[in-house]
Amino acid sequence: AGLHAVARQAGKLYLGTATDNPELTTTAYTAILDNNQMFGQITAANSMKWDATEPSRGVFTFTNGDVIANLAQRNGQLLRGHNCVWHQQLPSWVTSGNFNAATLTSIVQTHCSTLVGHYKGRVWDVVNEPLNDDGSFRQDVFFNTLGQGYIATALRAAKAADPNAKVYINDFNIEGIGAKATAMKNLIRSLKSQGVPIDGVGLQSHFIVGQVPTTLVQNMQEFAALGVEVAITELDVRMTLPETAALLAQQKKDFQTVVAACQAVPQCVGITIWDFTDRFSFVPSTFPGQGAATPWDENLVRKPAFDGIVAGF
Ligand code: XIL
């Protein structure tokens with residue numbers, strides 16, 4: 001059975017994957033991607049980001065994003081919007097514009113409402129990676145100009161553009177109990193107390209073999225107790241190359257551990273892996289010397305991790 005079919009059987013909404021436009025010409029890849037029993041949900045790895053969607057101020061281009069959205073639609077797969085506001089992959093007109101607070105607020109509002117309005121009825125990572133590892137706010141162009149209020153601005157604009165959208169904050173290193181997870185809980189509490197829309201928290205879950213946090217379940221329960229849903233949004237489990245049988249066996253256990261943790265928490269709605277094959281994983285370019293982080297190898301052959309995912313549900 002496919003991974004999504006197994007997830008549904010276990011009561012979860014979806015098991016999904018990220019994908020990216022250049023990958024869609026590889027037929028051995030699309031043969032797996034285009035199977036809604038394997039993947040019930042799709043996230044665009046790049047083509048809905050700011051540099052792709054608003055390369056010049058007020059000029060929106062949805063060509064590549066629409067290719068991914070249409071693919072998901074055609075296949076009967078859910079689509080996750082990724083993302084509205086993030087410190088990376090910003091066009092230089094945003095980072096170097098020296099906008100004052102009123103102007104940047106309006107720019108954030110226009111960007112978020114146009115994206116969420118274009119792709120209606122979806123779940124959106126409205127704010128991506130707002131925190132540093134110590135729990136402080138990331139000093140990016142948005143925070144430096146607007147303070148933490150940019151987060152509420154983005155969430156409000158997204159929800160106003162589509163009341164049916166689910167609006168999330170998404171980050172990494174908040175999967176286990178710790179300073180950054182605590183800061184995210186405090187942020188969500190504060191947003192809720194101000195009446196700012198916040199439907200969920202995305203736990204990216206870019207893990208390292210043998211180092212999956214031991215507090216996944218308790219941490220997800222603490223997020224859920226705040227009245228938000230939880231999603232595992234970018235799961236992969238990387239290793240220092242070369243891969244060995246022992247590392248692949250541990251990786252299988254690690255995928256199983258993560259899936260079982262989501263399974264143990266009713267408010268964990270689903271799991272997205274950050275592309276399903278080592279051929280297209282972002283890991284080797286971002287973490288030199290590391291890789292082999294996904295359930296299918298470079299040749300689109302299933303690895304032990306695939307069975308780990310099935311075993312976790
Ligand atoms: C990554 C993409 O996968 C790469 O293709 C791109 O070069 C850089 O961004 N956290 C996120 C994702 O929220 O948007 C990132 O995606 C991976 C880390």
# chains A, B, ... in the order shown; residues from 1 in each chain; ligands from 1
$ closest_atom_pairs --of "range 182-271 of chain A" --to "range 6-25 of chain A" --cutoff "9 Å" --atoms "only C-alpha atoms" --output "CSV"
residue,atom,partner,partner_atom,distance
A:Thr233,CA,A:Thr17,CA,8.7
A:Glu234,CA,A:Ala18,CA,7.6
A:Leu235,CA,A:Thr17,CA,8.8
A:Cys262,CA,A:Lys12,CA,8.8
A:Gln263,CA,A:Lys12,CA,7.5
A:Pro266,CA,A:Lys12,CA,8.4
A:Cys268,CA,A:Lys12,CA,7.9
A:Val269,CA,A:Leu13,CA,5.7
A:Gly270,CA,A:Tyr14,CA,5.0
A:Ile271,CA,A:Leu15,CA,5.0
$ residues_near_ligand --ligand "ligand 1" --cutoff "6 Å" --atoms "only C-alpha atoms and all ligand atoms" --output "compact mmCIF listing (two decimals) with N, CA and C atoms, in the first residue's frame"
# COMPACT_ATOMS: atom_id res chain seq x y z
N ALA A 45 8.31 23.15 -2.96
CA ALA A 45 9.56 23.39 -2.24
C ALA A 45 10.09 24.80 -2.46
N ASN A 46 9.80 25.38 -3.60
CA ASN A 46 10.33 26.72 -3.91
C ASN A 46 9.36 27.65 -4.61
N PHE A 282 17.17 18.54 -0.56
CA PHE A 282 17.94 19.79 -0.42
C PHE A 282 19.14 19.62 0.52
$ residues_around --residues "Thr53 in chain A" --least-positions-apart "4" --cutoff "9 Å" --atoms "only C-alpha atoms" --output "count of residues only"
12
$ atom_distance --atom1 "CA of Gln73 in chain A" --atom2 "CA of Gln109 in chain A"
26.8 Å
$ select_by_dssp --residues "range 2-193 of chain A" --states "helix (DSSP H, G or I)" --output "mmCIF file with N, CA and C atoms, in the first residue's frame"
data_model
loop_
_atom_site.group_PDB
_atom_site.id
_atom_site.type_symbol
_atom_site.label_atom_id
_atom_site.label_comp_id
_atom_site.auth_asym_id
_atom_site.auth_seq_id
_atom_site.Cartn_x
_atom_site.Cartn_y
_atom_site.Cartn_z
ATOM 1 N N LEU A 3 2.021 5.149 1.102
ATOM 2 C CA LEU A 3 2.200 5.770 2.419
ATOM 3 C C LEU A 3 0.970 6.572 2.833
ATOM 4 N N HIS A 4 0.376 7.302 1.902
ATOM 5 C CA HIS A 4 -0.817 8.084 2.245
ATOM 6 C C HIS A 4 -1.984 7.162 2.611
ATOM 7 N N ALA A 5 -2.121 6.068 1.884
ATOM 8 C CA ALA A 5 -3.191 5.117 2.199
ATOM 9 C C ALA A 5 -3.019 4.568 3.619
ATOM 10 N N VAL A 6 -1.779 4.295 3.991
ATOM 11 C CA VAL A 6 -1.505 3.792 5.339
ATOM 12 C C VAL A 6 -1.828 4.869 6.378
ATOM 13 N N ALA A 7 -1.459 6.113 6.076
ATOM 14 C CA ALA A 7 -1.733 7.222 6.999
ATOM 15 C C ALA A 7 -3.239 7.413 7.196
ATOM 16 N N ARG A 8 -3.991 7.344 6.120
ATOM 17 C CA ARG A 8 -5.459 7.495 6.200
ATOM 18 C C ARG A 8 -6.068 6.369 7.027
ATOM 19 N N GLN A 9 -5.587 5.174 6.764
ATOM 20 C CA GLN A 9 -6.066 4.006 7.514
ATOM 21 C C GLN A 9 -5.851 4.210 9.011
ATOM 22 N N ASN A 21 9.456 22.200 -9.379
ATOM 23 C CA ASN A 21 9.177 22.169 -10.819
ATOM 24 C C ASN A 21 10.224 21.448 -11.673
ATOM 25 N N PRO A 22 11.542 21.683 -11.440
ATOM 26 C CA PRO A 22 12.517 21.035 -12.337
ATOM 27 C C PRO A 22 12.493 19.507 -12.249
ATOM 28 N N GLU A 23 11.941 18.988 -11.154
ATOM 29 C CA GLU A 23 11.945 17.535 -10.935
ATOM 30 C C GLU A 23 10.891 16.817 -11.776
ATOM 31 N N LEU A 24 9.940 17.594 -12.280
ATOM 32 C CA LEU A 24 8.741 16.985 -12.873
ATOM 33 C C LEU A 24 8.988 16.409 -14.258
ATOM 34 N N THR A 25 10.202 16.595 -14.793
ATOM 35 C CA THR A 25 10.534 15.990 -16.095
ATOM 36 C C THR A 25 11.111 14.584 -15.934
ATOM 37 N N THR A 27 10.537 11.008 -15.281
ATOM 38 C CA THR A 27 9.313 10.195 -15.263
ATOM 39 C C THR A 27 9.333 9.132 -14.165
ATOM 40 N N ALA A 28 10.525 8.622 -13.826
ATOM 41 C CA ALA A 28 10.593 7.647 -12.723
ATOM 42 C C ALA A 28 10.167 8.316 -11.412
ATOM 43 N N TYR A 29 10.361 9.632 -11.341
ATOM 44 C CA TYR A 29 9.971 10.414 -10.160
ATOM 45 C C TYR A 29 8.468 10.693 -10.159
ATOM 46 N N THR A 30 7.964 11.180 -11.283
ATOM 47 C CA THR A 30 6.541 11.543 -11.303
ATOM 48 C C THR A 30 5.650 10.299 -11.203
ATOM 49 N N ALA A 31 6.182 9.149 -11.612
ATOM 50 C CA ALA A 31 5.400 7.909 -11.479
ATOM 51 C C ALA A 31 5.063 7.640 -10.009
ATOM 52 N N ILE A 32 5.950 8.048 -9.107
ATOM 53 C CA ILE A 32 5.700 7.863 -7.668
ATOM 54 C C ILE A 32 4.895 9.047 -7.125
ATOM 55 N N LEU A 33 5.260 10.253 -7.581
ATOM 56 C CA LEU A 33 4.614 11.474 -7.078
ATOM 57 C C LEU A 33 3.129 11.527 -7.416
ATOM 58 N N TRP A 50 8.673 34.002 -1.927
ATOM 59 C CA TRP A 50 8.540 35.417 -2.303
ATOM 60 C C TRP A 50 9.289 35.736 -3.588
ATOM 61 N N ASP A 51 10.521 35.210 -3.720
ATOM 62 C CA ASP A 51 11.294 35.550 -4.923
ATOM 63 C C ASP A 51 10.636 35.000 -6.189
ATOM 64 N N ALA A 52 9.889 33.899 -6.007
ATOM 65 C CA ALA A 52 9.220 33.291 -7.161
ATOM 66 C C ALA A 52 7.886 33.957 -7.481
ATOM 67 N N THR A 53 7.235 34.510 -6.472
ATOM 68 C CA THR A 53 5.853 34.973 -6.668
ATOM 69 C C THR A 53 5.704 36.492 -6.779
ATOM 70 N N THR A 63 3.160 31.305 -12.223
ATOM 71 C CA THR A 63 3.298 30.260 -13.247
ATOM 72 C C THR A 63 3.782 28.939 -12.650
ATOM 73 N N ASN A 64 4.920 28.969 -11.971
ATOM 74 C CA ASN A 64 5.467 27.719 -11.432
ATOM 75 C C ASN A 64 4.647 27.193 -10.267
ATOM 76 N N GLY A 65 4.162 28.098 -9.448
ATOM 77 C CA GLY A 65 3.302 27.671 -8.339
ATOM 78 C C GLY A 65 2.043 26.992 -8.845
ATOM 79 N N ASP A 66 1.490 27.540 -9.917
ATOM 80 C CA ASP A 66 0.267 26.950 -10.474
ATOM 81 C C ASP A 66 0.518 25.556 -11.041
ATOM 82 N N VAL A 67 1.727 25.331 -11.571
ATOM 83 C CA VAL A 67 2.053 23.987 -12.069
ATOM 84 C C VAL A 67 1.952 22.976 -10.923
ATOM 85 N N ILE A 68 2.465 23.355 -9.766
ATOM 86 C CA ILE A 68 2.404 22.449 -8.603
ATOM 87 C C ILE A 68 0.959 22.321 -8.106
ATOM 88 N N ALA A 69 0.262 23.462 -8.030
ATOM 89 C CA ALA A 69 -1.134 23.428 -7.557
ATOM 90 C C ALA A 69 -2.000 22.585 -8.494
ATOM 91 N N ASN A 70 -1.785 22.728 -9.802
ATOM 92 C CA ASN A 70 -2.582 21.961 -10.774
ATOM 93 C C ASN A 70 -2.259 20.477 -10.705
ATOM 94 N N LEU A 71 -0.979 20.171 -10.474
ATOM 95 C CA LEU A 71 -0.576 18.772 -10.320
ATOM 96 C C LEU A 71 -1.318 18.141 -9.135
ATOM 97 N N ALA A 72 -1.313 18.853 -8.010
ATOM 98 C CA ALA A 72 -1.990 18.328 -6.816
ATOM 99 C C ALA A 72 -3.484 18.160 -7.078
ATOM 100 N N GLN A 73 -4.050 19.174 -7.723
ATOM 101 C CA GLN A 73 -5.486 19.141 -8.041
ATOM 102 C C GLN A 73 -5.824 17.944 -8.933
ATOM 103 N N ARG A 74 -5.026 17.776 -9.988
ATOM 104 C CA ARG A 74 -5.223 16.689 -10.944
ATOM 105 C C ARG A 74 -5.138 15.326 -10.262
ATOM 106 N N ASN A 75 -4.211 15.233 -9.305
ATOM 107 C CA ASN A 75 -3.998 13.957 -8.624
ATOM 108 C C ASN A 75 -4.935 13.741 -7.439
ATOM 109 N N SER A 92 15.623 41.116 -3.819
ATOM 110 C CA SER A 92 16.419 42.200 -3.227
ATOM 111 C C SER A 92 15.596 43.468 -3.047
ATOM 112 N N TRP A 93 14.498 43.605 -3.811
ATOM 113 C CA TRP A 93 13.703 44.821 -3.595
ATOM 114 C C TRP A 93 13.106 44.836 -2.185
ATOM 115 N N VAL A 94 12.909 43.653 -1.586
ATOM 116 C CA VAL A 94 12.402 43.604 -0.205
ATOM 117 C C VAL A 94 13.535 43.844 0.793
ATOM 118 N N THR A 95 14.656 43.114 0.591
ATOM 119 C CA THR A 95 15.735 43.197 1.592
ATOM 120 C C THR A 95 16.479 44.524 1.533
ATOM 121 N N ALA A 101 8.186 51.621 8.309
ATOM 122 C CA ALA A 101 7.303 50.608 8.896
ATOM 123 C C ALA A 101 5.957 50.554 8.186
ATOM 124 N N ALA A 102 5.383 51.710 7.881
ATOM 125 C CA ALA A 102 4.060 51.710 7.246
ATOM 126 C C ALA A 102 4.127 51.054 5.872
ATOM 127 N N THR A 103 5.184 51.361 5.128
ATOM 128 C CA THR A 103 5.304 50.799 3.779
ATOM 129 C C THR A 103 5.558 49.302 3.837
ATOM 130 N N LEU A 104 6.452 48.850 4.732
ATOM 131 C CA LEU A 104 6.742 47.413 4.797
ATOM 132 C C LEU A 104 5.525 46.643 5.299
ATOM 133 N N THR A 105 4.764 47.228 6.202
ATOM 134 C CA THR A 105 3.521 46.581 6.650
ATOM 135 C C THR A 105 2.598 46.352 5.459
ATOM 136 N N SER A 106 2.450 47.370 4.657
ATOM 137 C CA SER A 106 1.583 47.254 3.482
ATOM 138 C C SER A 106 2.123 46.225 2.498
ATOM 139 N N ILE A 107 3.445 46.164 2.344
ATOM 140 C CA ILE A 107 4.066 45.182 1.438
ATOM 141 C C ILE A 107 3.786 43.758 1.931
ATOM 142 N N VAL A 108 3.929 43.537 3.240
ATOM 143 C CA VAL A 108 3.652 42.209 3.823
ATOM 144 C C VAL A 108 2.179 41.855 3.632
ATOM 145 N N GLN A 109 1.309 42.815 3.884
ATOM 146 C CA GLN A 109 -0.137 42.558 3.737
ATOM 147 C C GLN A 109 -0.483 42.201 2.294
ATOM 148 N N THR A 110 0.044 42.971 1.362
ATOM 149 C CA THR A 110 -0.256 42.717 -0.050
ATOM 150 C C THR A 110 0.278 41.353 -0.475
ATOM 151 N N HIS A 111 1.504 41.046 -0.053
ATOM 152 C CA HIS A 111 2.101 39.765 -0.453
ATOM 153 C C HIS A 111 1.289 38.590 0.091
ATOM 154 N N CYS A 112 0.995 38.636 1.388
ATOM 155 C CA CYS A 112 0.282 37.497 2.004
ATOM 156 C C CYS A 112 -1.133 37.385 1.458
ATOM 157 N N SER A 113 -1.827 38.489 1.347
ATOM 158 C CA SER A 113 -3.224 38.383 0.906
ATOM 159 C C SER A 113 -3.303 37.970 -0.558
ATOM 160 N N THR A 114 -2.334 38.370 -1.375
ATOM 161 C CA THR A 114 -2.373 37.970 -2.788
ATOM 162 C C THR A 114 -2.079 36.475 -2.931
ATOM 163 N N LEU A 115 -1.098 35.968 -2.198
ATOM 164 C CA LEU A 115 -0.796 34.532 -2.275
ATOM 165 C C LEU A 115 -1.970 33.697 -1.779
ATOM 166 N N VAL A 116 -2.425 34.022 -0.576
ATOM 167 C CA VAL A 116 -3.475 33.195 0.030
ATOM 168 C C VAL A 116 -4.787 33.351 -0.751
ATOM 169 N N GLY A 117 -4.999 34.543 -1.329
ATOM 170 C CA GLY A 117 -6.183 34.746 -2.151
ATOM 171 C C GLY A 117 -6.105 34.002 -3.477
ATOM 172 N N HIS A 118 -4.898 33.828 -4.000
ATOM 173 C CA HIS A 118 -4.725 33.094 -5.267
ATOM 174 C C HIS A 118 -4.933 31.597 -5.059
ATOM 175 N N VAL A 141 14.699 41.426 8.028
ATOM 176 C CA VAL A 141 14.222 42.746 7.599
ATOM 177 C C VAL A 141 12.841 43.043 8.182
ATOM 178 N N PHE A 142 12.049 42.008 8.371
ATOM 179 C CA PHE A 142 10.690 42.232 8.892
ATOM 180 C C PHE A 142 10.741 42.616 10.369
ATOM 181 N N PHE A 143 11.485 41.826 11.155
ATOM 182 C CA PHE A 143 11.575 42.120 12.586
ATOM 183 C C PHE A 143 12.294 43.448 12.817
ATOM 184 N N ASN A 144 13.346 43.676 12.064
ATOM 185 C CA ASN A 144 14.129 44.888 12.299
ATOM 186 C C ASN A 144 13.341 46.155 11.982
ATOM 187 N N THR A 145 12.387 46.050 11.081
ATOM 188 C CA THR A 145 11.595 47.230 10.713
ATOM 189 C C THR A 145 10.298 47.313 11.516
ATOM 190 N N LEU A 146 9.717 46.162 11.800
ATOM 191 C CA LEU A 146 8.346 46.128 12.333
ATOM 192 C C LEU A 146 8.241 45.535 13.723
ATOM 193 N N GLY A 149 5.471 42.431 15.583
ATOM 194 C CA GLY A 149 4.134 42.686 15.049
ATOM 195 C C GLY A 149 3.954 42.244 13.609
ATOM 196 N N TYR A 150 5.067 42.055 12.867
ATOM 197 C CA TYR A 150 4.910 41.606 11.478
ATOM 198 C C TYR A 150 4.236 40.241 11.419
ATOM 199 N N ILE A 151 4.410 39.449 12.490
ATOM 200 C CA ILE A 151 3.827 38.095 12.508
ATOM 201 C C ILE A 151 2.297 38.193 12.533
ATOM 202 N N ALA A 152 1.784 39.027 13.410
ATOM 203 C CA ALA A 152 0.330 39.233 13.469
ATOM 204 C C ALA A 152 -0.190 39.854 12.178
ATOM 205 N N THR A 153 0.567 40.789 11.640
ATOM 206 C CA THR A 153 0.161 41.430 10.381
ATOM 207 C C THR A 153 -0.001 40.394 9.274
ATOM 208 N N ALA A 154 0.978 39.503 9.156
ATOM 209 C CA ALA A 154 0.941 38.489 8.096
ATOM 210 C C ALA A 154 -0.221 37.517 8.327
ATOM 211 N N LEU A 155 -0.383 37.059 9.552
ATOM 212 C CA LEU A 155 -1.461 36.098 9.847
ATOM 213 C C LEU A 155 -2.828 36.723 9.588
ATOM 214 N N ARG A 156 -3.002 37.970 10.000
ATOM 215 C CA ARG A 156 -4.297 38.645 9.797
ATOM 216 C C ARG A 156 -4.580 38.846 8.321
ATOM 217 N N ALA A 157 -3.568 39.244 7.569
ATOM 218 C CA ALA A 157 -3.769 39.478 6.133
ATOM 219 C C ALA A 157 -4.123 38.178 5.424
ATOM 220 N N ALA A 158 -3.460 37.100 5.828
ATOM 221 C CA ALA A 158 -3.735 35.800 5.198
ATOM 222 C C ALA A 158 -5.169 35.361 5.490
ATOM 223 N N LYS A 159 -5.571 35.463 6.732
ATOM 224 C CA LYS A 159 -6.919 35.007 7.105
ATOM 225 C C LYS A 159 -7.988 35.895 6.478
ATOM 226 N N ALA A 160 -7.703 37.185 6.373
ATOM 227 C CA ALA A 160 -8.681 38.093 5.765
ATOM 228 C C ALA A 160 -8.848 37.789 4.283
ATOM 229 N N ALA A 161 -7.772 37.371 3.622
ATOM 230 C CA ALA A 161 -7.841 37.064 2.188
ATOM 231 C C ALA A 161 -8.645 35.801 1.941
ATOM 232 N N ALA A 179 14.341 25.603 24.527
ATOM 233 C CA ALA A 179 14.159 27.059 24.551
ATOM 234 C C ALA A 179 13.381 27.556 23.335
ATOM 235 N N LYS A 180 13.684 26.998 22.172
ATOM 236 C CA LYS A 180 13.026 27.504 20.972
ATOM 237 C C LYS A 180 11.558 27.080 20.935
ATOM 238 N N ALA A 181 11.288 25.839 21.355
ATOM 239 C CA ALA A 181 9.893 25.386 21.410
ATOM 240 C C ALA A 181 9.108 26.204 22.434
ATOM 241 N N THR A 182 9.738 26.495 23.562
ATOM 242 C CA THR A 182 9.082 27.321 24.587
ATOM 243 C C THR A 182 8.752 28.702 24.028
ATOM 244 N N ALA A 183 9.695 29.279 23.289
ATOM 245 C CA ALA A 183 9.454 30.602 22.701
ATOM 246 C C ALA A 183 8.300 30.539 21.704
ATOM 247 N N MET A 184 8.215 29.455 20.933
ATOM 248 C CA MET A 184 7.107 29.324 19.979
ATOM 249 C C MET A 184 5.778 29.195 20.725
ATOM 250 N N LYS A 185 5.775 28.453 21.828
ATOM 251 C CA LYS A 185 4.540 28.343 22.615
ATOM 252 C C LYS A 185 4.149 29.719 23.174
ATOM 253 N N ASN A 186 5.122 30.451 23.659
ATOM 254 C CA ASN A 186 4.822 31.800 24.177
ATOM 255 C C ASN A 186 4.287 32.704 23.065
ATOM 256 N N LEU A 187 4.862 32.591 21.890
ATOM 257 C CA LEU A 187 4.389 33.403 20.755
ATOM 258 C C LEU A 187 2.940 33.048 20.418
ATOM 259 N N ILE A 188 2.645 31.765 20.357
ATOM 260 C CA ILE A 188 1.274 31.345 20.026
ATOM 261 C C ILE A 188 0.299 31.807 21.102
ATOM 262 N N ARG A 189 0.704 31.678 22.362
ATOM 263 C CA ARG A 189 -0.141 32.144 23.474
ATOM 264 C C ARG A 189 -0.417 33.639 23.331
ATOM 265 N N SER A 190 0.608 34.380 23.027
ATOM 266 C CA SER A 190 0.468 35.836 22.907
ATOM 267 C C SER A 190 -0.427 36.206 21.719
ATOM 268 N N LEU A 191 -0.247 35.521 20.593
ATOM 269 C CA LEU A 191 -1.103 35.796 19.427
ATOM 270 C C LEU A 191 -2.554 35.507 19.768
ATOM 271 N N LYS A 192 -2.789 34.374 20.400
ATOM 272 C CA LYS A 192 -4.159 34.002 20.746
ATOM 273 C C LYS A 192 -4.775 35.021 21.690
ATOM 274 N N SER A 193 -4.001 35.495 22.653
ATOM 275 C CA SER A 193 -4.547 36.454 23.629
ATOM 276 C C SER A 193 -4.901 37.779 22.966
#
$ closest_residue --among "A:Pro55, A:Val123, A:Ala305, A:Leu78" --to "Pro163 in chain A" --atoms "only C-alpha atoms"
A:Val123
$ residues_around --residues "range 240-243 of chain A" --least-positions-apart "4" --cutoff "7 Å" --atoms "only C-alpha atoms" --output "number ranges by chain"
A: 247-248, 289-292
$ atom_distance --atom1 "CA of Gly147 in chain A" --atom2 "CA of Leu131 in chain A"
12.4 Å
